[in-house]
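The next block is entry24.cif, given as mmCIF, C-alpha atoms.
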data_start
loop_
_atom_site.label_atom_id
_atom_site.label_comp_id
_atom_site.auth_asym_id
_atom_site.auth_seq_id
_atom_site.Cartn_x
_atom_site.Cartn_y
_atom_site.Cartn_z
CA MET A 1 9.56 -1.80 4.45
CA SER A 2 9.45 -5.58 4.90
CA VAL A 3 6.21 -7.50 5.25
CA GLN A 4 7.10 -8.41 8.85
CA GLU A 5 6.73 -4.75 9.83
CA ILE A 6 3.14 -4.46 8.55
CA VAL A 7 0.75 -5.08 11.43
CA LEU A 8 -2.96 -5.39 10.60
CA PRO A 9 -5.98 -5.83 12.87
CA ASN A 10 -6.94 -9.48 13.12
CA ASN A 11 -10.61 -9.39 14.09
CA ASP A 12 -13.96 -10.15 12.52
CA SER A 13 -15.20 -6.54 12.33
CA PHE A 14 -12.11 -5.42 10.41
CA PHE A 15 -12.54 -8.14 7.79
CA ALA A 16 -16.32 -7.63 7.63
CA SER A 17 -15.92 -3.92 6.81
CA ASN A 18 -13.23 -4.70 4.29
CA ARG A 19 -15.38 -7.34 2.62
CA ALA A 20 -18.03 -4.63 2.23
CA PHE A 21 -15.52 -2.43 0.37
CA GLY A 22 -14.58 -5.36 -1.84
CA ALA A 23 -18.21 -6.22 -2.55
CA VAL A 24 -18.98 -2.63 -3.58
CA GLY A 25 -15.94 -2.67 -5.85
CA MET A 26 -17.11 -5.85 -7.57
CA ILE A 27 -20.76 -4.79 -7.92
CA LEU A 28 -19.94 -1.39 -9.42
CA SER A 29 -17.08 -2.52 -11.68
CA PRO A 30 -19.26 -2.95 -14.83
CA MET A 31 -20.98 0.44 -14.50
CA LEU A 32 -18.68 2.24 -16.96
CA PHE A 33 -19.37 -0.43 -19.55
CA LEU A 34 -23.12 -0.06 -19.00
CA ALA A 35 -22.83 3.75 -19.08
CA SER A 36 -21.10 3.55 -22.47
CA PHE A 37 -24.46 2.67 -24.05
CA PHE A 38 -25.65 6.16 -23.07
CA PHE A 39 -22.56 8.12 -24.17
CA ALA A 40 -22.72 10.67 -26.97
CA PRO A 41 -22.03 9.16 -30.43
CA GLN A 42 -19.32 11.81 -30.96
CA PHE A 43 -17.12 13.56 -28.39
CA ASP A 44 -18.31 17.03 -29.36
CA GLN A 45 -22.00 16.07 -29.17
CA PRO A 46 -24.18 15.99 -26.05
CA SER A 47 -25.27 12.64 -24.69
CA PRO A 48 -28.88 11.73 -25.50
CA HIS A 49 -29.14 10.33 -21.97
CA PRO A 50 -26.90 12.59 -19.85
CA PHE A 51 -28.23 11.50 -16.46
CA LEU A 52 -27.70 7.79 -17.09
CA ALA A 53 -24.28 8.38 -18.67
CA GLY A 54 -23.12 10.50 -15.75
CA LEU A 55 -24.62 8.20 -13.13
CA GLY A 56 -22.90 5.17 -14.59
CA GLY A 57 -19.53 6.90 -14.50
CA VAL A 58 -20.01 8.13 -10.93
CA LEU A 59 -21.00 4.65 -9.72
CA TYR A 60 -18.04 3.06 -11.52
CA LEU A 61 -15.60 5.46 -9.87
CA SER A 62 -17.29 4.95 -6.51
CA GLY A 63 -16.51 1.26 -6.84
CA ALA A 64 -12.90 2.09 -7.66
CA MET A 65 -12.70 4.26 -4.54
CA ALA A 66 -14.17 1.46 -2.41
CA SER A 67 -11.55 -1.01 -3.64
CA ALA A 68 -8.78 1.55 -3.12
CA THR A 69 -9.92 2.09 0.46
CA GLY A 70 -10.02 -1.65 1.09
CA MET A 71 -6.49 -1.95 -0.27
CA ARG A 72 -5.32 0.85 2.01
CA ASN A 73 -6.93 -0.79 5.03
CA LEU A 74 -5.06 -4.00 4.24
CA ARG A 75 -1.81 -2.06 3.70
CA VAL A 76 -1.24 -3.89 0.44
CA THR A 77 0.69 -0.93 -1.02
CA GLY A 78 2.87 -0.57 2.07
CA ASN A 79 2.67 0.99 5.48
CA GLY A 80 4.75 4.19 5.20
CA LYS A 81 4.38 7.79 4.11
CA GLY A 82 4.74 6.84 0.45
CA ALA A 83 1.68 4.58 0.64
CA ASP A 84 -0.29 7.37 2.33
CA VAL A 85 0.67 9.81 -0.43
CA LEU A 86 -0.20 7.29 -3.14
CA TYR A 87 -3.64 6.71 -1.61
CA PHE A 88 -4.25 10.46 -1.35
CA VAL A 89 -3.24 11.03 -4.98
CA GLN A 90 -5.34 8.05 -6.08
CA MET A 91 -8.47 9.27 -4.29
CA THR A 92 -7.96 12.84 -5.51
CA GLY A 93 -7.68 11.63 -9.09
CA LEU A 94 -10.82 9.52 -8.77
CA LEU A 95 -12.79 12.40 -7.22
CA LEU A 96 -11.73 14.76 -10.01
CA ALA A 97 -12.64 12.13 -12.60
CA MET A 98 -16.03 11.83 -10.91
CA CYS A 99 -16.46 15.59 -11.28
CA PHE A 100 -15.74 15.17 -15.00
CA ASP A 101 -18.60 12.69 -15.33
CA VAL A 102 -20.93 15.20 -13.70
CA LEU A 103 -19.71 18.22 -15.70
CA GLU A 104 -19.64 16.44 -19.04
CA ASN A 105 -23.24 15.32 -18.76
CA ALA A 106 -24.82 18.02 -16.60
CA ALA A 107 -22.91 21.11 -17.76
CA PRO A 108 -21.53 20.55 -21.29
CA GLN A 109 -21.33 24.35 -21.70
CA LEU A 110 -18.23 24.23 -19.47
CA ARG A 111 -16.24 22.18 -21.97
CA GLU A 112 -13.87 25.04 -22.79
CA THR A 113 -13.04 25.87 -19.17
CA THR A 114 -9.91 25.02 -17.17
CA VAL A 115 -11.97 23.11 -14.61
CA PHE A 116 -13.34 20.83 -17.31
CA PHE A 117 -9.86 20.24 -18.72
CA ILE A 118 -8.42 19.33 -15.30
CA THR A 119 -11.22 16.91 -14.49
CA ASP A 120 -11.02 15.46 -18.00
CA MET A 121 -7.30 14.74 -17.57
CA ALA A 122 -7.98 13.16 -14.17
CA TYR A 123 -9.78 10.28 -15.88
CA PRO A 124 -6.79 8.86 -17.79
CA PHE A 125 -4.42 9.87 -14.99
CA SER A 126 -6.35 7.95 -12.32
CA HIS A 127 -6.32 4.84 -14.50
CA ILE A 128 -2.66 4.96 -15.57
CA LEU A 129 -1.77 5.59 -11.91
CA MET A 130 -2.88 2.02 -11.27
CA ILE A 131 0.40 0.85 -12.81
CA THR A 132 2.17 2.58 -9.90
CA VAL A 133 -0.37 1.05 -7.52
CA GLY A 134 0.41 -2.38 -8.98
CA ILE A 135 4.14 -1.87 -8.44
CA ALA A 136 3.43 -0.76 -4.86
CA VAL A 137 1.37 -3.93 -4.32
CA ILE A 138 4.30 -6.08 -5.41
CA ARG A 139 6.69 -4.17 -3.18
CA GLY A 140 4.27 -4.26 -0.24
CA GLY A 141 4.37 -8.05 -0.16
CA VAL A 142 0.92 -8.46 1.40
CA TRP A 143 -0.77 -9.89 -1.69
CA ARG A 144 0.64 -12.87 -3.52
CA GLY A 145 -0.28 -14.69 -6.71
CA TRP A 146 -3.26 -13.51 -8.78
CA ARG A 147 -4.03 -10.59 -6.45
CA ARG A 148 -1.02 -8.76 -7.89
CA ILE A 149 -2.49 -8.69 -11.41
CA PRO A 150 -5.76 -6.61 -11.29
CA ALA A 151 -4.16 -3.18 -10.73
CA PHE A 152 -2.03 -3.69 -13.84
CA LEU A 153 -5.09 -4.66 -15.89
CA VAL A 154 -6.67 -1.30 -15.05
CA GLY A 155 -3.43 0.64 -15.50
CA LEU A 156 -2.68 -0.86 -18.91
CA ALA A 157 -6.24 -0.46 -20.23
CA LEU A 158 -5.65 3.00 -21.73
CA PRO A 159 -2.27 2.18 -23.37
CA SER A 160 -3.85 -0.99 -24.78
CA PHE A 161 -6.77 1.02 -26.17
CA ILE A 162 -4.41 3.54 -27.79
CA GLY A 163 -2.25 0.79 -29.27
CA LEU A 164 -5.18 -1.15 -30.72
CA SER A 165 -6.79 2.05 -32.04
CA VAL A 166 -3.60 2.98 -33.90
CA ALA A 167 -3.19 -0.54 -35.28
CA PHE A 168 -6.79 -1.38 -36.15
CA GLY A 169 -8.79 1.86 -35.92
CA ARG A 170 -10.59 3.49 -33.03
CA GLU A 171 -13.86 1.60 -33.55
CA ASN A 172 -12.10 -1.77 -33.56
CA GLY A 173 -10.04 -0.94 -30.48
CA SER A 174 -12.75 0.75 -28.44
CA PHE A 175 -13.84 -2.48 -26.73
CA ILE A 176 -10.57 -3.06 -24.91
CA PHE A 177 -10.72 -0.19 -22.38
CA PRO A 178 -14.13 -0.97 -20.83
CA LEU A 179 -13.32 -4.69 -20.92
CA MET A 180 -9.99 -4.38 -19.12
CA VAL A 181 -11.16 -1.90 -16.47
CA THR A 182 -14.29 -3.94 -15.76
CA VAL A 183 -12.31 -7.15 -15.31
CA GLY A 184 -9.52 -5.34 -13.47
CA PHE A 185 -11.72 -3.55 -10.95
CA PHE A 186 -13.89 -6.64 -10.43
CA LEU A 187 -10.81 -8.72 -9.60
CA LEU A 188 -9.46 -5.92 -7.41
CA GLY A 189 -12.69 -5.92 -5.42
CA LEU A 190 -12.52 -9.71 -5.26
CA ALA A 191 -8.95 -9.54 -3.97
CA VAL A 192 -10.03 -7.17 -1.19
CA PHE A 193 -13.13 -9.25 -0.44
CA THR A 194 -11.25 -12.55 -0.13
CA THR A 195 -8.26 -11.35 1.90
CA GLY A 196 -8.68 -12.83 5.37
CA THR A 197 -7.00 -14.17 8.47
CA LYS A 198 -5.25 -16.98 6.59
CA ASP A 199 -3.54 -14.47 4.30
CA LEU A 200 -2.29 -12.43 7.26
CA SER A 201 -1.02 -15.57 8.97
CA GLU A 202 1.03 -16.43 5.88
CA ILE A 203 2.49 -12.89 5.90
CA ASN A 204 3.53 -13.20 9.54
CA LEU A 205 5.26 -16.49 8.82
CA ARG A 206 7.49 -15.04 6.07
#

The structure given in the file should be rewritten as structure tokens.
Amino acid sequence: MSVQEIVLPNNDSFFASNRAFGAVGMILSPMLFLASFFFAPQFDQPSPHPFLAGLGGVLYLSGAMASATGMRNLRVTGNGKGADVLYFVQMTGLLLAMCFDVLENAAPQLRETTVFFITDMAYPFSHILMITVGIAVIRGGVWRGWRRIPAFLVGLALPSFIGLSVAFGRENGSFIFPLMVTVGFFLLGLAVFTTGTKDLSEINLR
């Protein structure tokens, strides 16, 4: 689908609501980094501060969902069935990942269950999926320049963490994931927040 076929509302209320989504995405983007201070020292150990650890993760994912919704409103990933499916898969993955944050910290006794495994896998899946979202953004043609980068920062955070952990050890590579997703989701929220009438006018002229 070409950019000329994407028709967006051009009124103040539309952009005001979208700026709210972008603002929430920016504000909540560092919450996973902050929550990491309350994580368990080892994976198989309970967190000493389960409520704060879980809350930080839930808020972080809420910010990701806000940015995703703003992107969908702006049709930056396209305007067809494929974009609808991608948004549905993205939101489902984020909701399941949110369930993981709750289960891990509120019900650690469920660690050996299928539900825990599914929600656990949703965390890396929902982040790696952002590579596909980034490709869809490029193909959608609504965003230009720097706005095309943030989704890839989030999507490549986990592969970067794995690569650095293999090369330099897990402790030395552990900083990269929270850093990349914080910067990536902050910039994604900023991209949503700053998309306005001028951007749509440039789209209509192409």

For Ala83 of chain A, please output as a ChimeraX atom specification all residues within 8 Å (counting all atoms listed in the file; exclusion window: fewer than 5 positions along the same chain). /A:77-78,136

Expand the PyMOL selection byres ((chain A and resi 149-159) around 6) into the explicit residue set it covers here, and present it as a ChimeraX atom specification. /A:127-128,130-131,134,146-148,160-162,177,180-181,184,187-188

Counting all atoms listed in the file, which residues come within 8 Å of (-12.0, 10.8, -11.4), with the point read in the file's coordinates, and could you list them as a ChimeraX atom specification? /A:61,92-101,119,122-123,126

Pick from A:Pro50, A:Gly80, A:Gly63, A:Gly141: nearest to Asn105 of chain A, with all atoms listed in the file counted?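 Using all atoms listed in the file, the shortest distance to Asn105 of chain A belongs to A:Pro50.
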
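For the residues A:Ser13, A:Asn79, A:Thr114, A:Gln109, ranking by smallest atom-to-atom distance to Arg139 of chain A using only C-alpha atoms places A:Asn79 first.
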
Could you tell me which residues the PyMOL selection byres ((chain A and resi 51) around 12) grabs in this file, written as a ChimeraX atom specification? /A:35,38-40,46-50,52-58,101-107

Using Å and a single decimal, report how far atom CA of Val183 of chain A sits from atom CA of Phe125 of chain A.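 Atom CA of Val183 of chain A lies at a distance of 18.8 Å from atom CA of Phe125 of chain A.
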
Atom CA of Ala64 of chain A to atom CA of Gly25 of chain A, distance in Å rounded to a single decimal: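 Separation of atom CA of Ala64 of chain A and atom CA of Gly25 of chain A: 5.9 Å.
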
Given only C-alpha atoms as the basis, pick out the residue of A:Gln90, A:Ser165, A:Thr182, A:Asn18 nearest to Pro30 of chain A. A:Thr182

Just want the 9 Å neighbourhood of Ser67 of chain A, counted on all atoms listed in the file, with same-chain residues fewer than 3 positions away dropped. Output as a VMD selection string. chain A and resid 18 21 to 26 62 to 64 70 to 72 185 188 to 193

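Ranking A:Val89, A:Val115, A:Ala66, A:Leu164 by their shortest atom-to-atom distance to Phe186 of chain A, with all atoms listed in the file included, puts A:Ala66 first.
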
Length of the atom CA of Thr69 of chain A to atom CA of Ile135 of chain A vector [Å]: 17.1 Å

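Minimum atom-to-atom distances from A:Pro124, A:Leu32, A:Arg75, A:Lys81 to Phe175 of chain A were compared using all atoms listed in the file, and the lowest value belongs to A:Leu32.
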